[in-house]
Amino acid sequence: MKRFRMMFALAVSLSGEAALGGTLTGHVSVVSSERPAGKADHSGAVVWLEPADGLPVPAASPAGAPLAPVQVVQRKQTFVPHVQAVQVGTAVDFPNADPTLHNVFSNYYGQVFDLHLYAPKTSRRVVFRRPGMAYIFCNIHEEMSAVVAVLPTPYFAVTGAEGRFEIQAPAGAYRLQVWFERSLPQKLRLLERRIVLGDAGASAGEIAVSTDGYVAERHKNKYGQEYSPAPDESFFYPGGRR
């Protein structure tokens, strides 16, 4: 009974609007035993907090209010940003800012969808309704890829080039989890840790994400086949695509 009362009190603390909170700070370093010399890029790591002890995750918006949509833009045959994190139930818009047609699809991991061909200056939307890593591609341009990290929590961050992150959340106990596209799942599981966040905040310290052992796989088109040779669209991009 005592444990039940403690868990109930923590759940109320996590979900109540009046609950005090703090900021979790930390730094992700992307490391490799074969990293070449030069400035490292630590961007694209997703860090998130889930309540410890199996407690329910509080809503990110008032009851009944939809989550604010976000964008992944197609620009210069690139998805921007390459990694986008959202809470389950969030709508993601895929505007086409290029002068060419695009087809956005995902057919494995996470949510399966196909937005079909659509024209420049138009946009299409997907609502991501279950947690997981949704790998996104274009059926015309093989080099285009992105990841939508669909998370069961509103408390997350995606690192920039310097690797720093901040997550604001109500005070309480959490499990910190990390995902990085070029790291093996078994290595990422070792990075999970328990975080107790107080009103004064907390620090996760340095989180080293290893890319050792990762081998990129060439993806197939939406029909599960190899891509056809890319069309010549150089006239759309005078002076180079990038």
# chains A, B, ... in the order shown; residues from 1 in each chain; ligands from 1
>>> select_by_dssp(residues="range 80-207 of chain A", states="strand (DSSP E)", output="PyMOL selection string")
chain A and resi 80+83-87+90-95+102-106+113-118+123-128+132-138+145-151+156-158+164-170+172-179+193-197+202-207
>>> residues_around(residues="Glu181 in chain A", least_positions_apart="2", cutoff="8 Å", atoms="only C-alpha atoms", output="PDB file with N, CA and C atoms, in the first residue's frame")
ATOM      1  N   GLY A  44      22.042  14.752 -34.647  1.00  0.00           N
ATOM      2  CA  GLY A  44      21.147  13.661 -35.018  1.00  0.00           C
ATOM      3  C   GLY A  44      20.908  12.613 -33.966  1.00  0.00           C
ATOM      4  N   ALA A  45      21.441  12.793 -32.757  1.00  0.00           N
ATOM      5  CA  ALA A  45      21.148  11.858 -31.672  1.00  0.00           C
ATOM      6  C   ALA A  45      19.849  12.287 -31.001  1.00  0.00           C
ATOM      7  N   TRP A 179      18.977   7.280 -28.972  1.00  0.00           N
ATOM      8  CA  TRP A 179      18.980   6.612 -30.283  1.00  0.00           C
ATOM      9  C   TRP A 179      19.865   7.406 -31.230  1.00  0.00           C
ATOM     10  N   SER A 183      24.386   3.776 -34.911  1.00  0.00           N
ATOM     11  CA  SER A 183      24.861   3.001 -33.767  1.00  0.00           C
ATOM     12  C   SER A 183      24.026   1.736 -33.631  1.00  0.00           C
TER      13      SER A 183
END
>>> residues_around(residues="Phe137 in chain A", least_positions_apart="2", cutoff="12 Å", atoms="only C-alpha atoms", output="MDAnalysis selection string")
chainID A and resid 72 74 77:79 82 94 102:108 112:116 134:135 139:148 218:222 227
>>> residues_around(residues="Ile207 in chain A", least_positions_apart="6", cutoff="8 Å", atoms="only C-alpha atoms", output="list in words")
Gly26, His27, Val28, Ser29 and Leu191 of chain A
>>> write_last_selection(atoms="C-alpha atoms", output="short mmCIF file (atom, residue, chain, number, x, y, z; two decimals), in the first residue's frame")
data_model
loop_
_atom_site.label_atom_id
_atom_site.label_comp_id
_atom_site.auth_asym_id
_atom_site.auth_seq_id
_atom_site.Cartn_x
_atom_site.Cartn_y
_atom_site.Cartn_z
CA GLY A 26 23.95 16.75 -21.20
CA HIS A 27 26.27 16.20 -24.12
CA VAL A 28 26.33 13.42 -26.73
CA SER A 29 29.65 12.54 -28.34
CA LEU A 191 23.41 3.95 -22.54
#
>>> residues_around(residues="range 171-173 of chain A", least_positions_apart="4", cutoff="6 Å", atoms="only C-alpha atoms", output="list in words")
Leu20, Gly21, Ala52, Ile195, Val196, Leu197, Gly198 and Asp199 of chain A
>>> atom_distance(atom1="CA of Pro170 in chain A", atom2="CA of Thr153 in chain A")
12.2 Å
>>> residues_around(residues="Phe156 in chain A", least_positions_apart="4", cutoff="7 Å", atoms="only C-alpha atoms", output="PyMOL selection string")
chain A and resi 47-49+167
>>> atom_distance(atom1="CA of Arg189 in chain A", atom2="CA of Ala208 in chain A")
12.3 Å
>>> closest_residue(among="A:Gln177, A:Thr100, A:Thr159, A:Gln168", to="Val30 in chain A", atoms="only C-alpha atoms")
A:Thr159
>>> residues_around(residues="Phe180 in chain A", least_positions_apart="4", cutoff="10 Å", atoms="only C-alpha atoms", output="ChimeraX atom specification")
/A:30,42-47,83,158,184-185,188,209-211
>>> closest_residue(among="A:Asn96, A:Thr122, A:Gly213, A:Leu67", to="Pro154 in chain A", atoms="only C-alpha atoms")
A:Leu67
>>> atom_distance(atom1="CA of Ala91 in chain A", atom2="CA of Arg175 in chain A")
25.5 Å
>>> select_by_dssp(residues="range 4-241 of chain A", states="alpha helix (DSSP H)", output="list in words")
Phe4, Arg5, Met6, Met7, Phe8, Ala9, Leu10, Ala11, Val12, Ser13, Leu14, Ser15, Pro185, Gln186, Lys187, Leu188 and Arg189 of chain A
>>> write_last_selection(atoms="N, CA and C atoms", output="tab-separated table (two decimals), in the first residue's frame")
chain	number	residue	atom	x	y	z
A	4	PHE	N	2.18	1.80	-3.40
A	4	PHE	CA	1.12	2.29	-4.28
A	4	PHE	C	0.91	3.78	-4.09
A	5	ARG	N	0.88	4.23	-2.81
A	5	ARG	CA	0.67	5.66	-2.55
A	5	ARG	C	1.82	6.48	-3.11
A	6	MET	N	3.05	5.97	-3.00
A	6	MET	CA	4.20	6.71	-3.54
A	6	MET	C	4.11	6.81	-5.05
A	7	MET	N	3.73	5.71	-5.73
A	7	MET	CA	3.62	5.73	-7.20
A	7	MET	C	2.50	6.65	-7.64
A	8	PHE	N	1.38	6.64	-6.89
A	8	PHE	CA	0.26	7.51	-7.23
A	8	PHE	C	0.66	8.98	-7.09
A	9	ALA	N	1.38	9.29	-6.00
A	9	ALA	CA	1.80	10.67	-5.79
A	9	ALA	C	2.73	11.13	-6.88
A	10	LEU	N	3.65	10.24	-7.33
A	10	LEU	CA	4.56	10.61	-8.41
A	10	LEU	C	3.81	10.79	-9.71
A	11	ALA	N	2.82	9.93	-9.98
A	11	ALA	CA	2.03	10.07	-11.21
A	11	ALA	C	1.29	11.40	-11.22
A	12	VAL	N	0.72	11.79	-10.06
A	12	VAL	CA	0.03	13.08	-9.98
A	12	VAL	C	1.02	14.21	-10.20
A	13	SER	N	2.21	14.05	-9.62
A	13	SER	CA	3.23	15.08	-9.79
A	13	SER	C	3.62	15.24	-11.24
A	14	LEU	N	3.75	14.11	-11.98
A	14	LEU	CA	4.15	14.17	-13.37
A	14	LEU	C	3.07	14.73	-14.26
A	15	SER	N	1.80	14.52	-13.92
A	15	SER	CA	0.72	14.91	-14.82
A	15	SER	C	0.05	16.23	-14.43
A	185	PRO	N	21.84	-1.28	-32.00
A	185	PRO	CA	20.88	-1.28	-30.88
A	185	PRO	C	21.46	-1.78	-29.58
A	186	GLN	N	22.30	-2.81	-29.62
A	186	GLN	CA	22.86	-3.35	-28.38
A	186	GLN	C	23.79	-2.35	-27.70
A	187	LYS	N	24.43	-1.49	-28.48
A	187	LYS	CA	25.28	-0.45	-27.89
A	187	LYS	C	24.42	0.65	-27.27
A	188	LEU	N	23.32	0.98	-27.93
A	188	LEU	CA	22.44	2.03	-27.42
A	188	LEU	C	21.76	1.61	-26.12
A	189	ARG	N	21.42	0.32	-25.99
A	189	ARG	CA	20.78	-0.15	-24.75
A	189	ARG	C	21.68	0.05	-23.54
